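Asks: See coords_20.cif below, with mmCIF, C-alpha atoms and all ligand atoms.
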data_final
#
loop_
_atom_site.label_atom_id
_atom_site.label_comp_id
_atom_site.auth_asym_id
_atom_site.auth_seq_id
_atom_site.Cartn_x
_atom_site.Cartn_y
_atom_site.Cartn_z
CA MET G 430 -0.20 -15.78 12.40
CA PHE G 431 1.03 -14.59 9.03
CA PHE G 432 2.02 -11.12 7.91
CA VAL G 433 2.62 -9.64 4.48
CA ILE G 434 5.17 -6.89 4.92
CA SER G 435 6.26 -4.24 2.46
CA GLY G 436 9.09 -5.09 0.07
CA GLU G 437 10.13 -1.45 -0.19
CA HIS G 438 12.97 -1.74 2.33
CA PRO G 439 15.23 -4.72 3.10
CA THR G 440 15.28 -4.51 6.92
CA LEU G 441 12.84 -1.95 8.34
CA PRO G 442 9.54 -3.81 7.75
CA LEU G 443 10.68 -6.93 9.63
CA GLY G 444 12.46 -4.83 12.29
CA GLU G 445 9.27 -2.87 12.87
CA LEU G 446 7.06 -5.98 12.92
CA THR G 447 9.37 -7.63 15.49
CA ALA G 448 9.31 -4.48 17.65
CA VAL G 449 5.49 -4.33 17.55
CA LEU G 450 5.18 -8.02 18.42
CA GLU G 451 7.58 -7.55 21.34
CA ALA G 452 5.64 -4.50 22.53
CA SER G 453 2.38 -6.48 22.44
CA ALA G 454 3.87 -8.67 25.22
CA THR G 455 3.12 -11.73 23.09
CA GLN G 456 5.27 -14.85 23.38
CA PHE G 457 6.27 -15.47 19.78
CA ALA G 458 8.84 -16.94 17.43
CA ILE G 459 9.36 -15.88 13.82
CA LYS G 460 9.15 -19.11 11.84
CA THR G 461 9.43 -18.11 8.21
CA ASP G 462 10.73 -14.91 6.77
CA ALA G 463 10.56 -15.29 2.98
CA PHE G 464 10.81 -11.86 1.34
CA LYS G 465 7.38 -10.30 2.07
CA TYR G 466 5.84 -13.30 3.85
CA VAL G 467 6.43 -13.69 7.59
CA GLU G 468 5.00 -16.52 9.66
CA VAL G 469 4.90 -16.17 13.42
CA ASN G 470 4.32 -18.95 15.95
CA THR G 471 2.25 -17.73 18.89
CA GLN G 472 -0.77 -18.63 21.00
CA SER G 473 -2.03 -15.03 21.02
CA ASP G 474 -4.53 -13.63 18.55
CA VAL G 475 -2.96 -10.24 17.91
CA ALA G 476 -2.68 -10.27 14.10
CA PHE G 477 -5.24 -7.48 13.65
CA GLU G 478 -3.74 -5.14 16.26
CA VAL G 479 -0.16 -5.78 15.19
CA GLY G 480 -1.03 -5.32 11.50
CA LYS G 481 -2.97 -2.11 12.11
CA ARG G 482 -0.20 -0.62 14.18
CA SER G 483 2.73 -1.35 11.84
CA GLY G 484 3.56 1.14 9.10
CA TYR G 485 5.15 -1.44 6.81
CA THR G 486 2.63 -4.30 7.25
CA ASP G 487 0.13 -4.63 4.41
CA GLU G 488 -1.81 -7.66 5.55
CA ALA G 489 -2.08 -9.92 8.62
CA GLY G 490 -4.09 -12.94 9.62
CA VAL G 491 -4.36 -16.48 10.87
CA HIS G 492 -2.12 -19.12 9.32
CA VAL G 493 -3.99 -22.24 8.16
CA PHE G 494 -1.37 -24.45 6.49
CA THR G 495 1.94 -24.49 4.64
CA CYS G 496 2.71 -27.13 2.00
CA GLU G 497 4.77 -27.80 -1.11
CA PRO G 498 3.82 -25.44 -3.96
CA THR G 499 2.20 -28.03 -6.28
CA LEU G 500 -1.44 -28.85 -6.98
CA ASP G 501 -0.95 -32.29 -5.39
CA GLY G 502 0.69 -30.79 -2.31
CA ILE G 503 -2.05 -28.19 -1.92
CA GLY G 504 -4.77 -30.84 -2.39
CA ARG G 505 -3.20 -33.06 0.29
CA ALA G 506 -2.91 -30.12 2.71
CA VAL G 507 -6.60 -29.27 2.23
CA ASN G 508 -7.49 -32.93 3.00
CA GLU G 509 -5.33 -33.05 6.09
CA THR G 510 -6.44 -29.69 7.56
CA GLY G 511 -9.73 -29.54 9.41
CA LEU G 512 -10.94 -26.49 7.48
CA SER G 513 -14.27 -26.42 9.35
CA GLU G 514 -12.25 -25.32 12.37
CA PHE G 515 -11.59 -22.06 10.46
CA LEU G 516 -14.87 -21.62 8.56
CA SER G 517 -18.41 -22.65 9.56
CA LYS G 518 -21.07 -23.64 7.07
CA GLU G 519 -23.08 -20.48 7.89
CA GLU G 520 -20.18 -18.26 6.80
CA SER G 521 -19.29 -17.05 3.32
CA PHE G 522 -15.73 -16.76 1.98
CA ASN G 523 -13.53 -15.89 -0.94
CA ILE G 524 -9.91 -16.68 -1.78
CA ARG G 525 -7.19 -14.68 -3.48
CA VAL G 526 -3.75 -16.03 -4.35
CA ALA G 527 -0.53 -13.97 -4.53
CA ARG G 528 3.09 -14.71 -5.44
CA TYR G 529 6.02 -13.04 -3.70
CA GLY G 530 9.68 -12.95 -4.63
CA GLY G 531 9.66 -13.92 -8.32
CA VAL G 532 8.48 -17.52 -7.80
CA THR G 533 7.44 -19.94 -10.54
CA LYS G 534 4.26 -19.16 -12.47
CA GLU G 535 3.55 -22.81 -13.34
CA ILE G 536 0.26 -22.78 -11.45
CA SER G 537 -2.18 -20.10 -12.59
CA ARG G 538 -3.33 -17.90 -9.72
CA VAL G 539 -6.88 -17.56 -11.03
CA GLY G 540 -7.08 -21.27 -11.76
CA LEU G 541 -5.91 -22.12 -8.24
CA GLU G 542 -8.42 -19.66 -6.73
CA ALA G 543 -11.22 -21.55 -8.52
CA ILE G 544 -9.90 -24.99 -7.48
CA LEU G 545 -9.34 -23.99 -3.85
CA GLY G 546 -12.67 -22.14 -3.66
CA ASP G 547 -14.40 -25.29 -4.78
CA ARG G 548 -12.47 -27.52 -2.36
CA ILE G 549 -13.04 -25.22 0.63
CA ALA G 550 -16.79 -25.02 -0.17
CA ARG G 551 -17.01 -28.83 -0.36
CA GLU G 552 -15.02 -29.38 2.86
CA THR G 553 -16.98 -26.86 4.95
CA SER G 554 -20.35 -26.42 3.14
CA ALA G 555 -19.70 -22.63 3.33
CA LYS G 556 -20.74 -20.43 0.39
CA VAL G 557 -18.46 -18.42 -1.88
CA ASN G 558 -19.07 -14.66 -1.86
CA LEU G 559 -16.59 -12.82 -4.06
CA THR G 560 -17.51 -9.25 -3.08
CA SER G 561 -18.28 -9.13 0.67
CA PRO G 562 -17.44 -12.45 2.30
CA ASP G 563 -17.37 -13.12 6.05
CA LYS G 564 -13.88 -14.57 5.69
CA LYS G 565 -11.14 -13.89 3.14
CA PHE G 566 -8.63 -16.66 2.49
CA ARG G 567 -5.20 -15.71 1.21
CA GLY G 568 -2.99 -18.14 -0.68
CA ILE G 569 0.66 -17.17 -1.01
CA PHE G 570 3.43 -18.71 -3.10
CA THR G 571 6.90 -18.05 -1.74
CA GLY G 572 10.05 -19.76 -3.06
CA SER G 573 9.63 -23.33 -1.86
CA SER G 574 6.18 -23.29 -0.27
CA PHE G 575 2.53 -22.45 -0.62
CA HIS G 576 0.80 -20.92 2.41
CA LEU G 577 -2.89 -20.58 3.18
CA GLY G 578 -4.23 -18.08 5.71
CA ILE G 579 -7.34 -16.10 6.63
CA ILE G 580 -6.95 -12.34 6.43
CA GLU G 581 -7.80 -10.39 9.59
CA TYR G 582 -6.22 -7.06 8.67
CA GLN G 583 -5.64 -5.33 5.34
CA ARG G 584 -4.28 -1.80 5.16
CA PRO G 585 -7.18 0.38 4.02
CA LYS G 586 -6.55 1.80 0.56
CA ALA G 587 -5.44 5.48 0.61
CA SER G 588 -4.81 5.46 4.38
CA ILE G 589 -1.13 6.28 3.85
CA ALA G 590 -1.68 8.52 0.81
CA ASN G 591 -4.00 10.76 2.87
CA ARG G 592 -1.16 11.49 5.27
CA ARG G 593 1.50 12.26 2.65
CA PRO G 594 3.50 15.38 3.59
CA ARG G 595 1.97 17.43 0.74
CA LYS G 596 -1.55 16.49 1.85
CA ARG G 597 -1.02 17.97 5.31
CA PRO G 598 -1.91 21.66 5.83
CA SER G 599 1.60 22.52 7.04
CA PHE G 600 4.43 21.32 4.81
CA HIS G 601 8.20 21.50 5.29
CA PRO G 602 10.77 19.75 3.06
CA SER G 603 12.45 18.16 6.11
CA THR G 604 9.33 16.30 7.16
CA MET G 605 9.18 12.54 7.22
CA VAL G 606 6.95 10.26 5.15
CA PRO G 607 4.28 8.37 7.14
CA LYS G 608 5.53 4.78 6.89
CA LEU G 609 9.08 5.62 7.95
CA ALA G 610 7.81 7.88 10.74
CA ARG G 611 5.40 5.17 11.96
CA SER G 612 8.15 2.56 11.95
CA MET G 613 10.42 4.84 14.01
CA VAL G 614 7.66 5.28 16.60
CA ASN G 615 7.12 1.52 16.71
CA LEU G 616 10.83 0.77 17.00
CA SER G 617 10.87 3.00 20.11
CA GLN G 618 8.23 0.68 21.67
CA PRO G 619 6.02 3.15 23.56
CA ARG G 620 3.75 1.37 26.06
CA PRO G 621 0.11 2.29 26.70
CA GLY G 622 -0.06 5.38 28.90
CA ASP G 623 3.57 6.37 28.19
CA LEU G 624 4.61 9.88 27.29
CA PHE G 625 6.12 9.78 23.80
CA LEU G 626 8.53 12.60 22.92
CA ASP G 627 9.80 14.01 19.63
CA PRO G 628 12.15 16.80 20.73
CA PHE G 629 12.93 17.96 17.14
CA CYS G 630 9.34 17.69 15.95
CA GLY G 631 9.45 19.97 12.87
CA VAL G 632 5.93 20.00 11.39
CA GLY G 633 5.07 16.81 13.24
CA GLY G 634 5.58 13.88 10.83
CA ILE G 635 6.67 11.53 13.64
CA LEU G 636 4.36 12.97 16.31
CA LEU G 637 1.35 12.51 14.04
CA GLU G 638 2.05 8.78 13.72
CA ALA G 639 2.61 8.45 17.48
CA CYS G 640 -0.71 10.17 18.25
CA LEU G 641 -2.49 8.01 15.65
CA ILE G 642 -1.51 4.83 17.49
CA GLY G 643 -2.76 6.27 20.77
CA CYS G 644 0.41 7.63 22.38
CA SER G 645 0.32 10.69 24.62
CA GLY G 646 2.62 12.66 22.34
CA VAL G 647 4.74 15.64 23.32
CA GLY G 648 6.63 17.69 20.74
CA MET G 649 9.32 20.30 20.89
CA ASP G 650 11.06 22.46 18.29
CA ALA G 651 13.38 25.44 18.47
CA LEU G 652 11.35 27.34 15.86
CA PRO G 653 7.87 28.67 16.74
CA ARG G 654 6.65 28.29 13.15
CA MET G 655 7.45 24.57 13.26
CA VAL G 656 5.54 24.18 16.53
CA ARG G 657 2.57 25.98 14.91
CA GLY G 658 2.90 23.66 11.88
CA THR G 659 2.75 20.55 14.08
CA ARG G 660 -0.33 21.89 15.87
CA ARG G 661 -2.11 22.53 12.54
CA ASN G 662 -1.16 19.12 11.15
CA LEU G 663 -2.37 17.24 14.22
CA ALA G 664 -5.62 19.23 14.29
CA HIS G 665 -6.18 18.35 10.61
CA PHE G 666 -6.38 14.68 11.63
CA GLY G 667 -8.53 15.41 14.69
CA LEU G 668 -5.59 14.92 17.06
CA ALA G 669 -3.92 17.00 19.72
CA SER G 670 -0.65 16.44 21.47
CA LEU G 671 -0.35 16.50 25.22
CA GLY G 672 2.01 19.44 24.85
CA LEU G 673 3.91 21.34 22.16
CA ILE G 674 6.85 23.35 23.36
CA GLU G 675 9.08 25.89 21.69
CA GLY G 676 12.53 25.11 23.04
CA ASP G 677 16.01 23.69 22.67
CA ALA G 678 16.23 19.88 22.71
CA ARG G 679 19.67 20.16 24.29
CA LYS G 680 17.93 21.38 27.48
CA LEU G 681 14.97 19.08 27.90
CA PRO G 682 12.33 20.34 30.37
CA PHE G 683 11.01 16.86 31.28
CA ARG G 684 11.51 14.57 34.26
CA GLU G 685 10.65 11.27 32.52
CA VAL G 686 9.20 10.05 29.23
CA GLY G 687 8.51 6.49 28.07
CA ALA G 688 9.90 6.58 24.53
CA ILE G 689 11.58 8.97 22.10
CA ALA G 690 11.75 8.86 18.30
CA THR G 691 13.24 11.80 16.49
CA ASP G 692 14.94 13.18 13.43
CA PRO G 693 17.34 16.01 14.41
CA PRO G 694 18.29 18.64 11.78
CA TYR G 695 20.93 17.81 9.16
CA GLY G 696 21.67 21.43 8.22
CA THR G 697 20.29 20.98 4.70
CA GLY G 698 16.45 20.85 4.76
CA ALA G 699 16.20 21.84 8.43
CA SER G 700 18.45 24.32 10.20
CA THR G 701 20.93 23.15 12.84
CA LEU G 702 20.86 26.75 14.17
CA LYS G 703 24.59 27.25 13.55
CA SER G 704 25.57 23.89 15.07
CA THR G 705 26.16 20.49 13.39
CA THR G 706 24.13 17.28 13.60
CA ARG G 707 26.92 15.52 15.51
CA LYS G 708 27.32 18.36 18.03
CA ILE G 709 23.56 18.46 18.53
CA LEU G 710 23.53 14.69 19.16
CA ASP G 711 26.48 14.94 21.58
CA GLU G 712 24.53 17.47 23.64
CA PHE G 713 21.05 16.02 23.20
CA LEU G 714 21.67 12.30 23.83
CA PRO G 715 22.92 12.59 27.45
CA GLN G 716 19.86 14.75 28.19
CA ALA G 717 17.62 12.15 26.56
CA ARG G 718 19.27 9.38 28.55
CA SER G 719 18.54 11.22 31.81
CA ILE G 720 14.76 11.22 31.14
CA LEU G 721 14.48 7.57 30.00
CA ALA G 722 14.40 4.69 32.48
CA THR G 723 16.90 1.88 31.90
CA GLY G 724 15.63 -0.47 29.20
CA ARG G 725 13.51 2.15 27.44
CA ARG G 726 14.26 3.17 23.87
CA LEU G 727 15.24 6.12 21.74
CA VAL G 728 15.14 5.91 17.94
CA VAL G 729 17.14 8.51 16.08
CA ALA G 730 17.74 9.26 12.41
CA SER G 731 20.84 11.02 11.12
CA PRO G 732 22.78 11.25 7.86
CA LEU G 733 25.07 8.24 7.40
CA GLY G 734 28.57 9.34 8.41
CA THR G 735 27.47 11.39 11.43
CA ALA G 736 28.81 8.58 13.68
CA ALA G 737 25.69 8.81 15.81
CA SER G 738 26.45 5.38 17.34
CA GLN G 739 29.64 6.78 18.89
CA SER G 740 27.67 9.61 20.41
CA ALA G 741 25.07 7.09 21.65
CA ASP G 742 27.74 4.88 23.26
CA ASP G 743 29.21 7.89 25.05
CA SER G 744 25.77 8.90 26.36
CA GLY G 745 24.66 5.69 28.11
CA PHE G 746 22.86 3.99 25.21
CA LYS G 747 23.43 0.64 23.54
CA VAL G 748 22.79 0.30 19.79
CA LEU G 749 20.12 -2.43 19.52
CA ASP G 750 19.39 -2.22 15.81
CA ARG G 751 20.39 -0.21 12.75
CA HIS G 752 18.69 0.44 9.39
CA LEU G 753 19.94 2.40 6.39
CA VAL G 754 17.41 4.33 4.31
CA TYR G 755 18.53 5.69 0.96
CA VAL G 756 16.90 9.08 0.32
CA HIS G 757 18.85 10.49 -2.66
CA ARG G 758 22.38 10.57 -4.06
CA SER G 759 23.73 12.73 -1.27
CA LEU G 760 21.65 11.47 1.65
CA THR G 761 21.34 8.04 3.24
CA ARG G 762 19.68 8.09 6.63
CA GLU G 763 20.96 5.89 9.41
CA ILE G 764 18.18 4.89 11.80
CA LEU G 765 19.52 3.73 15.16
CA VAL G 766 17.43 1.94 17.77
CA LEU G 767 19.04 2.76 21.10
CA GLY G 768 18.36 1.12 24.47
CA ALA G 769 19.03 3.05 27.67
CA VAL G 770 21.62 1.08 29.69
C1 LIG F 1 14.52 17.20 10.36
S1 LIG F 1 13.47 18.32 11.13
C2 LIG F 1 12.29 17.34 11.90
C3 LIG F 1 11.22 16.88 10.96
C4 LIG F 1 10.11 16.14 11.64
N1 LIG F 1 10.55 14.81 12.10
C5 LIG F 1 8.91 15.98 10.71
O1 LIG F 1 8.61 14.84 10.27
O2 LIG F 1 8.26 17.00 10.42
C6 LIG F 1 14.45 18.92 12.45
C7 LIG F 1 13.81 20.03 13.29
O3 LIG F 1 14.68 20.32 14.39
C8 LIG F 1 14.53 21.69 14.70
N2 LIG F 1 15.68 22.08 15.53
C9 LIG F 1 16.94 22.45 15.14
N3 LIG F 1 17.73 22.62 16.21
C10 LIG F 1 16.96 22.37 17.31
C11 LIG F 1 17.20 22.35 18.71
N4 LIG F 1 18.41 22.65 19.22
N5 LIG F 1 16.18 22.02 19.53
C12 LIG F 1 14.97 21.71 19.05
N6 LIG F 1 14.67 21.72 17.73
C13 LIG F 1 15.66 22.04 16.88
C14 LIG F 1 14.42 22.37 13.38
O4 LIG F 1 13.75 23.61 13.51
C15 LIG F 1 13.60 21.34 12.56
O5 LIG F 1 12.24 21.66 12.59
#
What would the structure in this file look like if it were written as structure tokens?

Replies:
Amino acid sequence: MFFVISGEHPTLPLGELTAVLEASATQFAIKTDAFKYVEVNTQSDVAFEVGKRSGYTDEAGVHVFTCEPTLDGIGRAVNETGLSEFLSKEESFNIRVARYGGVTKEISRVGLEAILGDRIARETSAKVNLTSPDKKFRGIFTGSSFHLGIIEYQRPKASIANRRPRKRPSFHPSTMVPKLARSMVNLSQPRPGDLFLDPFCGVGGILLEACLIGCSGVGMDALPRMVRGTRRNLAHFGLASLGLIEGDARKLPFREVGAIATDPPYGTGASTLKSTTRKILDEFLPQARSILATGRRLVVASPLGTAASQSADDSGFKVLDRHLVYVHRSLTREILVLGAV
């Protein structure tokens, strides 16, 4: 399979993609990771599901070939690949070529699209259809290679923009943007049928993404107006959580949940209710550990410098992964992926 991931963050898109692949119980190995292009060796056909689920994946599909990035190299690869295995003569197709990571512009993209379109049509007897083809080929130049694939998933235009915080009926400045929130849910690896918990849910930025991928989401916030905000925001997208509770996340009223992703208050945008982020984490994390089975995950954001990993270590978690997200001059978020040990 191949994936085109977002270039907007250096580590989160690949971290999220890896977490989603792991959660899909697919045997896989990441073969190439060249800036936005990721190639994955696997026998499973999960490109569509994995692409659709990941916040930072723009495109996903079946890998056809990789070759040297010259016209000769591409011509040889077309000859050597049985393209009729990928496209039958009854099907129509188009091809679009992209370049990632500032690679050489020696070969014109449009020119190559015409050449490859012609070659694929000759090899397979399939017809070109530029506007609504049965299959869409994608050519990609990365540093030292050219890759050809068939697209199975493309993020629908405006799907993220429609969920922007300001587009939701209930807004709060502390809320999280959809891609980051989706990636946090995915990093927590909820399994089908699991209860997913956000115990500091605010107006529901994270919970919304969890419910959108089919989790049974449960939210909790100390402030009733935040709980009301989450309910309104979920309803706006035709969703409902399994339960929304007004309460203190330092006293969790649950026996067991499958995964947790959360963004506790920092005392700037969202109130810590006279506490501090670190104190809240010190009291919340042991509680969270007691409702997660060993091996399950908790993903938590906090301002860099909170020393959340220390608190996690002391509470029976192991830090599995760490991402830094710059927000503005005085805030960089540290996202920790914690495994219950
Ligand atoms: C950073 S916001 C969460 C934003 C949320 N992830 C979103 O995308 O909308 C933190 C939330 O924690 C809530 N909060 C503060 N202390 C709490 C506590 N002890 N228990 C539960 N919620 C608390 C605040 O009211 C605030 O809504």

Asks: May I have the residues within 6 Å of ligand LIG 1 (chain F), computed using all atoms listed in the file, as a list in words?

Replies: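 Taking all atoms listed in the file into account, the residues around ligand LIG 1 (chain F) at most 6 Å away are Ser603, Thr604, Met605, Pro628, Phe629, Cys630, Gly631, Val632, Gly633, Gly634, Ile635, Asp650, Ala651, Leu652, Met655, Gly676, Asp677, Ala678, Arg679, Thr691, Asp692, Pro693, Pro694, Ala699, Ser700, Thr701 and Leu702 of chain G.
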
Asks: Any chance you can output those residues with C-alpha atoms as a PDB file, keeping the file's coordinate frame?

Replies:
ATOM      1  CA  SER G 603      12.450  18.160   6.110  1.00  0.00           C
ATOM      2  CA  THR G 604       9.330  16.300   7.160  1.00  0.00           C
ATOM      3  CA  MET G 605       9.180  12.540   7.220  1.00  0.00           C
ATOM      4  CA  PRO G 628      12.150  16.800  20.730  1.00  0.00           C
ATOM      5  CA  PHE G 629      12.930  17.960  17.140  1.00  0.00           C
ATOM      6  CA  CYS G 630       9.340  17.690  15.950  1.00  0.00           C
ATOM      7  CA  GLY G 631       9.450  19.970  12.870  1.00  0.00           C
ATOM      8  CA  VAL G 632       5.930  20.000  11.390  1.00  0.00           C
ATOM      9  CA  GLY G 633       5.070  16.810  13.240  1.00  0.00           C
ATOM     10  CA  GLY G 634       5.580  13.880  10.830  1.00  0.00           C
ATOM     11  CA  ILE G 635       6.670  11.530  13.640  1.00  0.00           C
ATOM     12  CA  ASP G 650      11.060  22.460  18.290  1.00  0.00           C
ATOM     13  CA  ALA G 651      13.380  25.440  18.470  1.00  0.00           C
ATOM     14  CA  LEU G 652      11.350  27.340  15.860  1.00  0.00           C
ATOM     15  CA  MET G 655       7.450  24.570  13.260  1.00  0.00           C
ATOM     16  CA  GLY G 676      12.530  25.110  23.040  1.00  0.00           C
ATOM     17  CA  ASP G 677      16.010  23.690  22.670  1.00  0.00           C
ATOM     18  CA  ALA G 678      16.230  19.880  22.710  1.00  0.00           C
ATOM     19  CA  ARG G 679      19.670  20.160  24.290  1.00  0.00           C
ATOM     20  CA  THR G 691      13.240  11.800  16.490  1.00  0.00           C
ATOM     21  CA  ASP G 692      14.940  13.180  13.430  1.00  0.00           C
ATOM     22  CA  PRO G 693      17.340  16.010  14.410  1.00  0.00           C
ATOM     23  CA  PRO G 694      18.290  18.640  11.780  1.00  0.00           C
ATOM     24  CA  ALA G 699      16.200  21.840   8.430  1.00  0.00           C
ATOM     25  CA  SER G 700      18.450  24.320  10.200  1.00  0.00           C
ATOM     26  CA  THR G 701      20.930  23.150  12.840  1.00  0.00           C
ATOM     27  CA  LEU G 702      20.860  26.750  14.170  1.00  0.00           C
TER      28      LEU G 702
END

Asks: What's around Glu509 in chain G at 10 Å? Count only C-alpha atoms, leave out sequence neighbours fewer than 5 positions away in its own chain, and write the answer as a ChimeraX atom specification.

Replies: /G:494,503-504

Asks: With all atoms listed in the file as the basis for distance, which of G:Glu581, G:Asp462, G:Asp711, G:Glu552 is at the shortest distance from Glu488 in chain G?

Replies: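 Using all atoms listed in the file, the shortest distance to Glu488 in chain G belongs to G:Glu581.
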
Asks: Can you tell me which residues surround range 464-476 of chain G at a distance of at most 7 Å, considering only C-alpha atoms, apart from same-chain residues fewer than 3 positions away, and format the answer as a PyMOL selection string?

Replies: chain G and resi 430-436+455-461+479-480+489-490+529-530+581

Asks: Using all atoms listed in the file, can you tell me which of G:Leu727, G:Leu681, G:Ile589, G:Leu624 comes closest to Glu638 in chain G?

Replies: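 Answer, going by the shortest atom-to-atom distance: G:Ile589.
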
Asks: List the neighbours of Gly687 in chain G out to 7 Å using only C-alpha atoms; skip same-chain residues closer than 5 positions along the sequence, and give me the result as JSON, numbers by chain.

Replies: {"G": [619, 623, 624, 625, 721, 725]}

Asks: List the neighbours of range 575-580 of chain G out to 6 Å using only C-alpha atoms; skip same-chain residues closer than 2 positions along the sequence, and give me the result as number ranges by chain.

Replies: G: 489-498, 565-570, 582

Asks: For range 531-538 of chain G, work out the shell of residues within 9 Å, counting all atoms listed in the file and skipping chain neighbours fewer than 5 positions away, then give it as a VMD selection string.

Replies: chain G and resid 498 to 500 525 to 526 543 570 to 573

Asks: Find, counting all atoms listed in the file, the residue in G:Met649, G:Leu545, G:Leu626, G:Ala722 that gets nearest to Val507 in chain G.

Replies: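 For Val507 in chain G, the nearest of the given residues is G:Leu545.
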
Asks: Report, in Å with one decimal, the straight-line distance from CA of Glu763 in chain G to CA of Ser670 in chain G.

Replies: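 Atom-to-atom, CA of Glu763 in chain G to CA of Ser670 in chain G, that is 26.9 Å.
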
Asks: For the interface of range 447-472 of chain G with range 607-614 of chain G (cut-off 12 Å, counting only C-alpha atoms), please tabulate each contacting residue of range 447-472 of chain G alongside its nearest pair of atoms and their separation in Å to one decimal, rows sorted by chain and increasing number, as JSON lines.

Replies:
{"residue": "G:Thr447", "atom": "CA", "partner": "G:Ser612", "partner_atom": "CA", "distance": 10.9}
{"residue": "G:Ala448", "atom": "CA", "partner": "G:Ser612", "partner_atom": "CA", "distance": 9.1}
{"residue": "G:Val449", "atom": "CA", "partner": "G:Ser612", "partner_atom": "CA", "distance": 9.3}
{"residue": "G:Ala452", "atom": "CA", "partner": "G:Val614", "partner_atom": "CA", "distance": 11.6}

Asks: Just to confirm, what's the straight-line distance from CA of Arg482 in chain G to CA of Arg528 in chain G in Å (one decimal)?

Replies: 24.4 Å

Asks: Enter the distance from CA of Leu559 in chain G to CA of Asn523 in chain G, in Å, rounded to one decimal.

Replies: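 These atoms are spaced 5.3 Å apart.
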
Asks: Which residue, G:Ile524, G:Ile549, G:Leu637, G:Ile544, has the smallest gap to Gly511 in chain G when you use only C-alpha atoms?

Replies: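 Checking each candidate against Gly511 in chain G, we get G:Ile549 as the closest.
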
Asks: Is it possible to add N, CA, C and O atoms to range 495-506 of chain G and hand it back as a PDB file, in the coordinates of the input?

Replies:
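rebuild_13.pdb written:
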ATOM      1  N   THR G 495       0.838 -24.712   5.587  1.00  0.00           N
ATOM      2  CA  THR G 495       1.940 -24.490   4.640  1.00  0.00           C
ATOM      3  C   THR G 495       2.231 -25.842   3.996  1.00  0.00           C
ATOM      4  O   THR G 495       2.214 -26.871   4.677  1.00  0.00           O
ATOM      5  N   CYS G 496       2.458 -25.853   2.684  1.00  0.00           N
ATOM      6  CA  CYS G 496       2.710 -27.130   2.000  1.00  0.00           C
ATOM      7  C   CYS G 496       3.618 -26.889   0.802  1.00  0.00           C
ATOM      8  O   CYS G 496       4.005 -25.753   0.534  1.00  0.00           O
ATOM      9  N   GLU G 497       3.933 -27.983   0.079  1.00  0.00           N
ATOM     10  CA  GLU G 497       4.770 -27.800  -1.110  1.00  0.00           C
ATOM     11  C   GLU G 497       3.925 -27.109  -2.204  1.00  0.00           C
ATOM     12  O   GLU G 497       2.705 -27.278  -2.259  1.00  0.00           O
ATOM     13  N   PRO G 498       4.577 -26.308  -3.053  1.00  0.00           N
ATOM     14  CA  PRO G 498       3.820 -25.440  -3.960  1.00  0.00           C
ATOM     15  C   PRO G 498       3.381 -26.142  -5.251  1.00  0.00           C
ATOM     16  O   PRO G 498       3.642 -25.675  -6.351  1.00  0.00           O
ATOM     17  N   THR G 499       2.713 -27.304  -5.115  1.00  0.00           N
ATOM     18  CA  THR G 499       2.200 -28.030  -6.280  1.00  0.00           C
ATOM     19  C   THR G 499       0.719 -28.286  -6.055  1.00  0.00           C
ATOM     20  O   THR G 499       0.253 -28.265  -4.910  1.00  0.00           O
ATOM     21  N   LEU G 500      -0.001 -28.584  -7.137  1.00  0.00           N
ATOM     22  CA  LEU G 500      -1.440 -28.850  -6.980  1.00  0.00           C
ATOM     23  C   LEU G 500      -1.675 -30.058  -6.086  1.00  0.00           C
ATOM     24  O   LEU G 500      -2.577 -30.053  -5.243  1.00  0.00           O
ATOM     25  N   ASP G 501      -0.820 -31.094  -6.243  1.00  0.00           N
ATOM     26  CA  ASP G 501      -0.950 -32.290  -5.390  1.00  0.00           C
ATOM     27  C   ASP G 501      -0.740 -31.928  -3.924  1.00  0.00           C
ATOM     28  O   ASP G 501      -1.493 -32.339  -3.045  1.00  0.00           O
ATOM     29  N   GLY G 502       0.341 -31.181  -3.686  1.00  0.00           N
ATOM     30  CA  GLY G 502       0.690 -30.790  -2.310  1.00  0.00           C
ATOM     31  C   GLY G 502      -0.440 -29.979  -1.683  1.00  0.00           C
ATOM     32  O   GLY G 502      -0.811 -30.189  -0.523  1.00  0.00           O
ATOM     33  N   ILE G 503      -0.980 -29.054  -2.451  1.00  0.00           N
ATOM     34  CA  ILE G 503      -2.050 -28.190  -1.920  1.00  0.00           C
ATOM     35  C   ILE G 503      -3.302 -29.040  -1.648  1.00  0.00           C
ATOM     36  O   ILE G 503      -3.950 -28.909  -0.602  1.00  0.00           O
ATOM     37  N   GLY G 504      -3.602 -29.954  -2.565  1.00  0.00           N
ATOM     38  CA  GLY G 504      -4.770 -30.840  -2.390  1.00  0.00           C
ATOM     39  C   GLY G 504      -4.637 -31.667  -1.114  1.00  0.00           C
ATOM     40  O   GLY G 504      -5.582 -31.774  -0.327  1.00  0.00           O
ATOM     41  N   ARG G 505      -3.419 -32.242  -0.916  1.00  0.00           N
ATOM     42  CA  ARG G 505      -3.200 -33.060   0.290  1.00  0.00           C
ATOM     43  C   ARG G 505      -3.357 -32.208   1.555  1.00  0.00           C
ATOM     44  O   ARG G 505      -3.989 -32.636   2.522  1.00  0.00           O
ATOM     45  N   ALA G 506      -2.822 -30.985   1.519  1.00  0.00           N
ATOM     46  CA  ALA G 506      -2.910 -30.120   2.710  1.00  0.00           C
ATOM     47  C   ALA G 506      -4.360 -29.786   3.032  1.00  0.00           C
ATOM     48  O   ALA G 506      -4.752 -29.752   4.196  1.00  0.00           O
TER      49      ALA G 506
END
